[in-house]
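Below: the structure, in structure tokens.
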Amino acid sequence: MFEQIGRARTKPMTRFSPNTLDRGLSWSRREFLRDAAGLVLGSSLFSSSLWARSGILQKDRKVVVITFGGGARDQETFAPEGQENIPNLMRELIPQSSFFAQVVNRGILGHYVATASLATGVYETINNFASLPPESPTVFEYFRKDLRRPSSDAWVVAPSNGFNRIGESSHRLYGPGQGARVILPKHLLTAATKGTADYDHLLRDNYETPFFAPEVVGNEFELEQLRSLLKLSVDDFKTHALTLSSPDELSVYIVRRLMRQAAPSLLWITMHDIDIAHAGAYSLYVDGIRRTDRLCLDVWKAIQSEPEYAGKTTLFILPDFGRDSDEDSAGNGFQHHRTGDAMSRTTWMMALGPGIREGVVYDRPLDSTDLVPTIGSMMGFSASQSQGKLIQELL
Amino acid sequence: MPTRELKPDQFNGYPPEARKLAIANLRALQVLPLSFLPSLLRELVEYDYKFPAERTSLEREISNFNSLAPEQWKEWFGAFEKIQLSASLEKFDWINQPAQFVEQLSAHLWTTHQQDDFRRAATEYGNRLHAAVPPLEPFFPRLSIVVVGQGVSASEYPLFRKLRPHGALYTNVNPEGGLDTLLEFVASRAKAHPAKYGHWYVDGGQENPCDSGVACISYRKLEPARNQLLARIRKQSEMPGSGPENLRTVMSALRPADLHLEHSGDAVLARFELKLLAEGSGTQIFSTTFAQWAAREALRRAQPLTLLVRFAPRQRQRPMNEMLSVAKETVELDPAGSLVDADLGAYYTWLNQQRLTGAGQSSFLAWFEGRNIAIATGPAVPRGTVSSSPADLKQILSWTI
């Protein structure tokens with residue numbers, strides 16, 4: 001009556017310590033990538049020096065960072081059953097990248113505070129749901145102060161009103177006016193459309209606490225700059241917005257305009273669509289992953305096609321953190337990132353661009369905080385107060 | 001206040017059964033660390049509204065404190081003693097507001113980077129407790145049934161992928177009268193093995209008639225309560241200075257009567273429904289989330305012998321603030337997306353049943369409603385197999401259990 005459809009893959013539950021589980025996740029991701037994308041295993045014993053020898057003057061170098069918004073797990077991304085959700089990462093981006101299979105976030109697993117930690121290189125402890133700046137200097141402040149760059153050279157495009165203070169810290173040596181300019185596309189759209197119902201699908205905010213949107217004050221993008229900086233009329237903006245399906249699509253649309261018109265050297269994009277997972281609908285979470293996958297490729301294509309960026313830009317893509325595993329009974333699987341288990345803390349990062357070794361996967365552990373000093377080393381500034389270490393494989 | 005200063009009259013605000021239990025075990029509670037005790041009180045204060053399985057479990061846990069020798073206390077609670085608390089936490093009214101204390105403790109642990117230490121301490125405590133006081137085995141093997149796909153006309157979605165390695169996939173199921181068969185089966189188990197809150201039927205849409213021996217909840221039946229809750233959420237969120245913490249505090253202070261949930265006269269079930277709606281994330285807006293979370297909580301808390309969960313189509317995604325508004329018109333449904341949600345919900349229901357005692361003898365069935373595909377797992381079911389022989393659900397149940 002029964003026909004065997006493959007050896008049962010279940011095995012007795014093995015208890016892992018957090019460290020061995022981190023390594024297990026890394027190993028799985030590495031093996032998945034070696035199988036599916038043909039990556040080779042890199043050694044951390046040597047520095048590539050490719051970046052240094054790339055011939056691109058440090059002052060001309062640009063960096064774009066995408067946070068793969070809201071966190072996604074291996075089984076919906078890099079595991080064999082998840083790869084169908086990230087065809088663009090798998091086929092287009094990973095083969096061109098150095099891939100780090102074990103990036104551990106040891107900080108607070110809330111989106112704002114975790115993104116702030118990524119941007120400062122310090123595990124921030126600010127209230128995730130308050131309209132507060134990071135306490136440690138941000139990468140944007142180091143960049144502008146050390147390299148004497150104008151405010152127009154560092155930008156953040158963020159989906160949620162809660163991210164409006166991410167551009168600059170409260171640190172006494174830095175602070176107001178010394179960081180990045182922040183665009184909140186949804187805020188911009190609200191101002192442009194004056195709350196017209198046709199645009200509601202682009203204005204979703206903060207899935208974790210849907211009603212909470214801190215009052216936006218201070219360094220926000222002004223509507224008139226739509227015209228002056230992005231060279232975009234309110235009508236054109238509204239017309240184009242109607243063709244988009246999600247807040248992250250709106251963000252990437254603004255990113256492309258910003259790249260074309262202002263060409264900032266340091267550009268930070270936070271995606272957020274995936275975080276619909278908090279509402280518990282798995283299909284919408286997977287839709288978010290697929291959309292984010294597509295949008296990452298869109299940004300990479302924009303980098304390749306914009307003369308100001310082509311051939312001199314490094315793109316980093318990394319989640320702020322993961323999500324809870326199915327195996328941890330304290331959580332509810334994909335829905336949240338509350339347990340603090342290895343799955344929710346351990347993620348990945350890819351780096352692409354000139355001077356970056358292509359098609360290599362590294363499985364040594366990195367900290368989320370290692371990103372900022374590494375960007376500093378690439379661009380020629382010192383992230384002096386960051387807790388992170390340089391990622392030698394990229395330098 | 002230090003735990004050693006606990007006095008009987010400080011439990012006057014507790015419901016009668018909970019107060020009695022606390023006072024009877026006051027000495028044990030007095031020596032528990034403050035990083036630990038409020039988590040226990042959070043459960044204890046709800047004792048009067050807990051399911052029998054939870055009551056037994058809590059009584060046995062407290063009884064275990066009394067059996068520990070002094071030298072064992074350090075082993076059991078030393079790691080909790082090392083957790084540094086803030087002055088504001090120490091001053092907090094953790095006796096009367098243990099849930100709020102635990103919320104604030106959680107934020108404190110994250111902020112002070114003690115979350116991993118606490119997690120480790122909690123895991124070790126759980127393992128010790130499990131070894132010292134093993135959970136009771138069910139007196140009859142458990143069965144969970146999940147029905148997915150209501151309202152889906154056609155689908156190419158590869159159903160039950162995560163479950164297939166664990167059981168037998170049936171691809172030629174006669175769907176005729178399938179739902180009635182399952183409902184009758186649940187009712188017959190409830191009659192044959194009566195147990196208070198031991199048999200459950202959760203419907204993500206409109207419920208079918210329910211046997212008196214079965215605890216029944218449905219998304220449709222709770223619509224008035226859901227709308228009242230949404231109205232409260234909206235009102236609270238529009239108040240100046242309101243943030244997520246305030247909202248959570250307001251939600252945790254709700255009582256079943258606030259949402260008119262006490263109509264059935266079953267205070268325990270009413271409290272369960274309240275928690276599903278007030279503490280669940282997304283349960284107020286998506287019926288698939290409601291069904292999955294209700295099944296998860298029923299399994300975790302009531303540890304039933306029988307559970308039938310039927311998923312129904314959820315509303316299509318709309319802006320979050322709109323979904324959280326009280327619906328004034330018929331909302332558009334998303335049957336295809338709901339099928340994907342329910343498919344994972346079936347897997348999670350299986351996982352959650354496997355976490356309970358008696359997992360080795362438990363059985364599970366998931367069926368695509370009105371269709372000819374089903375999957376079953378159980379001690380007698382060969383894993384990773386597929387059967388294309390004609391069968392109906394009654395037969396599959398008889399082969400599975």
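Chain labels follow the order of the structure tokens: the first chain is A, the next B, and so on; residue numbering restarts at 1 in every chain, and ligands are counted from 1 in their shown order.
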Using only C-alpha atoms, tabulate the residues of segment 311-379 of chain A lying at most 12 Å from any atom of segment 297-317 of chain B, each with its closest atom pair and that distance in Å to one decimal, by chain and increasing residue number, as JSON lines.
{"residue": "A:Ser329", "atom": "CA", "partner": "B:Arg300", "partner_atom": "CA", "distance": 9.4}
{"residue": "A:Ala330", "atom": "CA", "partner": "B:Arg300", "partner_atom": "CA", "distance": 10.5}
{"residue": "A:Gly331", "atom": "CA", "partner": "B:Glu297", "partner_atom": "CA", "distance": 11.6}
{"residue": "A:Asn332", "atom": "CA", "partner": "B:Glu297", "partner_atom": "CA", "distance": 10.4}
Go ahead and save the picked residues with C-alpha atoms, as an mmCIF file, in the first residue's frame.
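Result file is result00.cif:
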data_model
loop_
_atom_site.group_PDB
_atom_site.id
_atom_site.type_symbol
_atom_site.label_atom_id
_atom_site.label_comp_id
_atom_site.auth_asym_id
_atom_site.auth_seq_id
_atom_site.Cartn_x
_atom_site.Cartn_y
_atom_site.Cartn_z
ATOM 1 C CA SER A 329 9.259 25.917 22.022
ATOM 2 C CA ALA A 330 9.519 29.330 23.646
ATOM 3 C CA GLY A 331 8.798 31.007 20.329
ATOM 4 C CA ASN A 332 6.334 30.478 17.528
#
Shell of 12 Å around segment 86-98 of chain B, only C-alpha atoms, local chain residues under 6 positions omitted, as a short mmCIF file (atom, residue, chain, number, x, y, z; two decimals) with C-alpha atoms, in the first residue's frame:
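This is the output file part-v6.cif:
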data_model
loop_
_atom_site.label_atom_id
_atom_site.label_comp_id
_atom_site.auth_asym_id
_atom_site.auth_seq_id
_atom_site.Cartn_x
_atom_site.Cartn_y
_atom_site.Cartn_z
CA MET B 1 10.76 44.45 48.06
CA PRO B 2 12.93 41.38 48.75
CA THR B 3 11.16 38.06 48.40
CA GLU B 5 9.59 39.81 53.20
CA LEU B 6 6.57 38.21 51.55
CA LYS B 7 3.54 38.05 53.85
CA PRO B 8 0.19 36.24 53.49
CA ASP B 9 -1.91 39.41 53.31
CA GLN B 10 0.03 40.58 50.28
CA PHE B 11 -1.85 37.96 48.28
CA ASN B 12 -5.25 39.44 49.13
CA GLY B 13 -5.64 40.67 45.56
CA TYR B 14 -5.30 37.15 44.17
CA PRO B 15 -8.30 35.00 43.21
CA ARG B 19 -4.28 32.91 47.21
CA ALA B 22 0.44 30.90 47.55
CA LEU B 29 8.26 31.41 47.76
CA GLN B 30 10.19 33.54 50.26
CA PRO B 33 15.26 34.89 43.85
CA LEU B 34 13.50 38.00 42.60
CA SER B 35 14.66 37.31 39.08
CA PHE B 36 12.67 34.07 39.25
CA LEU B 37 9.67 34.44 41.56
CA PRO B 38 7.51 36.91 39.57
CA SER B 39 7.57 34.52 36.58
CA LEU B 40 6.09 31.89 38.88
CA LEU B 41 3.57 34.33 40.35
CA ARG B 42 2.49 35.31 36.87
CA GLU B 43 1.30 31.72 36.49
CA LEU B 44 0.07 31.37 40.04
CA VAL B 45 -2.15 34.47 39.93
CA GLU B 46 -4.03 32.83 37.02
CA GLN B 104 10.12 45.03 32.42
CA LEU B 105 12.57 42.35 33.47
CA SER B 106 12.79 41.21 29.87
CA ALA B 107 13.62 44.74 28.69
CA HIS B 108 16.16 45.06 31.50
CA LEU B 109 17.84 41.78 30.57
CA THR B 111 19.49 46.27 27.86
CA THR B 112 22.05 44.99 30.35
CA THR B 249 -0.17 47.14 29.94
CA SER B 252 -2.85 42.68 30.02
CA ALA B 253 -5.29 44.39 32.39
#
**Request:** Select, from B:Lys191, B:Arg142, B:Arg119, B:Arg371, the residue with the minimum atom-to-atom distance to chain A, counting only C-alpha atoms.
**Result:**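 Ranking B:Lys191, B:Arg142, B:Arg119, B:Arg371 by distance to chain A, first place goes to B:Arg119.
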**Asked** Given a cut-off of 6 Å, which residues of chain B touch chain A, counting only C-alpha atoms, written out as a PyMOL selection string?
**Response** chain B and resi 110-111+165+243+281-282+289+319-320+337+340-341+384-387
**Message:** If we count only C-alpha atoms and set the cut-off at 7 Å, which residues sit around Gln102 of chain A, ignoring sequence neighbours fewer than 4 positions away in its own chain? Please answer as a list in words.
**Reply:**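 After dropping sequence-adjacent residues, the list is Ser26, Thr346, Thr347, Trp348, Asp363, Arg364, Pro365 and Leu366 of chain A.
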**Item:** Top pick for closest residue to Trp155 of chain A, considering A:Val103, A:Val122, A:Leu266, A:Leu244 and counting only C-alpha atoms
**Value:**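 Residue with the minimum atom-to-atom distance to Trp155 of chain A: A:Leu266.
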**Request:** Looking only at helix (DSSP H, G or I) from DSSP on the backbone, list the matching residues of segment 154-194 of chain B as a list in words.
**Result:** Arg164, Pro165, His166, Gly178, Leu179, Asp180, Thr181, Leu182, Leu183, Glu184, Phe185, Val186, Ala187, Ser188, Arg189, Ala190, Lys191 and Ala192 of chain B
**Message:** Residues within 8 Å of Trp293 of chain B, please, as JSON, numbers by chain. Count only C-alpha atoms; anything in the same chain fewer than 5 positions from it doesn't count.
**Reply:** {"B": [276, 280, 283]}
**Asked** What is the distance between atom CA of Gln178 of chain A and atom CA of Pro247 of chain A, in Å to one decimal?
**Response** 27.5 Å
